[in-house]
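Notes follow the structure.
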Amino acid sequence: MQNTVAKVAVVGSGISGSVCAATLARNGISVTLFDSAKGPGGRMSQRREISEDGRELLFDHGAPYFTVTNPDVLRVVTEWESRGLVAEWKSNFGSFDCFTNKIVNTEHQFSV
């Protein structure tokens, strides 16, 4: 009998695709994760721009934050946190006003 190495392609590097790929890899499956963007997709996507004064601006295209209640997903997110891939949000939220070119309505929020 011949041993077959399982190889799986996961299309989409959002939260679900990333959790799926991590779970498969942890169970010995060879996984390749594909996305049309340069970085994580879906609710984890982010865009970087440099302002005229040289400051780096980060724009989250997906979820501004997420919470985890499932213990299996929590283990994956804890692993991401230890690798520096995600972090608890400890900064201000705000909106960019395209008419005044200023960030407005900033408020400080903490994860619970």
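By convention in this document, the chains of the structure tokens carry letters A, B, ... by their order, each chain's residues are numbered from 1, and ligands are numbered from 1 in the order they are shown.
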
- Item | chain A: residues DSSP assigns to helix (DSSP H, G or I), reported as a ChimeraX atom specification | /A:15-26,42-44,71-82

- Hey, what's within 9 Å of Ser95 of chain A if we count only C-alpha atoms and toss same-chain stuff fewer than 5 positions away? As a count of residues only, please? 5

- Message: One number please: atom CA of Lys90 of chain A to atom CA of Thr67 of chain A, in Å, one decimal.
- Response: 14.5 Å

- Among the residues of chain A, find those DSSP assigns to strand (DSSP E) from the backbone and print them as a PyMOL selection string. chain A and resi 7-11+30-34+46-50+56-60+92-97+102-108

Could the residues in this selection be written to a file with N, CA and C atoms, as a compact mmCIF listing (two decimals), in the first residue's frame?
```
# COMPACT_ATOMS: atom_id res chain seq x y z
N LYS A 7 -2.47 17.13 0.41
CA LYS A 7 -2.16 18.53 0.12
C LYS A 7 -3.48 19.23 -0.14
N VAL A 8 -3.67 20.36 0.53
CA VAL A 8 -4.92 21.09 0.42
C VAL A 8 -4.64 22.54 0.07
N ALA A 9 -5.43 23.09 -0.84
CA ALA A 9 -5.38 24.51 -1.16
C ALA A 9 -6.59 25.17 -0.50
N VAL A 10 -6.33 26.22 0.28
CA VAL A 10 -7.41 26.99 0.89
C VAL A 10 -7.45 28.33 0.17
N VAL A 11 -8.60 28.66 -0.40
CA VAL A 11 -8.76 29.90 -1.15
C VAL A 11 -9.46 30.92 -0.26
N SER A 30 -0.51 19.23 4.48
CA SER A 30 0.23 20.26 3.77
C SER A 30 -0.77 21.25 3.18
N VAL A 31 -0.67 22.53 3.58
CA VAL A 31 -1.66 23.53 3.18
C VAL A 31 -0.98 24.68 2.46
N THR A 32 -1.60 25.15 1.38
CA THR A 32 -1.20 26.39 0.72
C THR A 32 -2.42 27.31 0.76
N LEU A 33 -2.20 28.52 1.27
CA LEU A 33 -3.27 29.50 1.44
C LEU A 33 -3.17 30.53 0.32
N PHE A 34 -4.26 30.74 -0.43
CA PHE A 34 -4.28 31.67 -1.55
C PHE A 34 -5.22 32.83 -1.29
N GLN A 46 -6.27 45.19 5.50
CA GLN A 46 -5.83 46.50 5.95
C GLN A 46 -5.08 47.18 4.82
N ARG A 47 -5.21 48.50 4.76
CA ARG A 47 -4.50 49.28 3.75
C ARG A 47 -3.61 50.28 4.47
N ARG A 48 -2.41 50.50 3.93
CA ARG A 48 -1.48 51.47 4.50
C ARG A 48 -1.27 52.59 3.49
N GLU A 49 -1.26 53.81 3.99
CA GLU A 49 -0.98 54.99 3.18
C GLU A 49 -0.03 55.89 3.97
N ILE A 50 0.74 56.69 3.27
CA ILE A 50 1.61 57.67 3.90
C ILE A 50 0.98 59.04 3.67
N GLU A 56 2.41 57.34 8.79
CA GLU A 56 1.77 56.15 8.23
C GLU A 56 0.34 56.07 8.74
N LEU A 57 -0.61 55.93 7.82
CA LEU A 57 -2.02 55.79 8.18
C LEU A 57 -2.46 54.37 7.86
N LEU A 58 -3.19 53.75 8.77
CA LEU A 58 -3.68 52.39 8.58
C LEU A 58 -5.20 52.43 8.47
N PHE A 59 -5.74 51.77 7.45
CA PHE A 59 -7.17 51.70 7.24
C PHE A 59 -7.60 50.25 7.24
N ASP A 60 -8.45 49.89 8.17
CA ASP A 60 -8.99 48.54 8.21
C ASP A 60 -10.18 48.46 7.27
N ASN A 92 -7.23 54.81 19.77
CA ASN A 92 -8.48 55.50 19.48
C ASN A 92 -9.11 55.01 18.17
N PHE A 93 -10.42 55.11 18.11
CA PHE A 93 -11.16 54.93 16.87
C PHE A 93 -11.54 56.31 16.38
N GLY A 94 -11.63 56.50 15.08
CA GLY A 94 -12.04 57.78 14.55
C GLY A 94 -12.50 57.65 13.12
N SER A 95 -13.00 58.74 12.59
CA SER A 95 -13.47 58.80 11.20
C SER A 95 -12.71 59.89 10.48
N PHE A 96 -12.45 59.66 9.19
CA PHE A 96 -11.77 60.66 8.38
C PHE A 96 -12.82 61.47 7.64
N ASP A 97 -12.81 62.78 7.83
CA ASP A 97 -13.73 63.69 7.15
C ASP A 97 -13.05 64.18 5.87
N LYS A 102 -9.58 65.98 8.00
CA LYS A 102 -9.19 65.77 9.40
C LYS A 102 -9.84 64.51 9.93
N ILE A 103 -9.19 63.95 10.94
CA ILE A 103 -9.79 62.81 11.64
C ILE A 103 -10.68 63.37 12.75
N VAL A 104 -11.92 62.93 12.75
CA VAL A 104 -12.92 63.46 13.68
C VAL A 104 -13.55 62.33 14.48
N ASN A 105 -14.33 62.70 15.48
CA ASN A 105 -15.09 61.74 16.28
C ASN A 105 -14.21 60.65 16.86
N THR A 106 -13.05 61.01 17.38
CA THR A 106 -12.20 59.99 17.98
C THR A 106 -12.71 59.65 19.37
N GLU A 107 -12.67 58.40 19.67
CA GLU A 107 -13.04 57.94 21.01
C GLU A 107 -12.18 56.75 21.37
N HIS A 108 -11.89 56.64 22.63
CA HIS A 108 -11.03 55.55 23.11
C HIS A 108 -11.91 54.39 23.53
```

- Using only C-alpha atoms, determine which residues lie at most 9 Å from Val68 of chain A, disregarding the query and same-chain residues fewer than 5 positions distant; provide the list as a ChimeraX atom specification. /A:73-74,77

- Message: Residues within 12 Å of Arg75 of chain A, please, as a ChimeraX atom specification. Count only C-alpha atoms; anything in the same chain fewer than 5 positions from it doesn't count.
- Response: /A:19,22-23,26,68-70,80-82

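A straight line drawn from atom CA of Thr78 of chain A to atom CA of Ser18 of chain A is 13.4 Å long.
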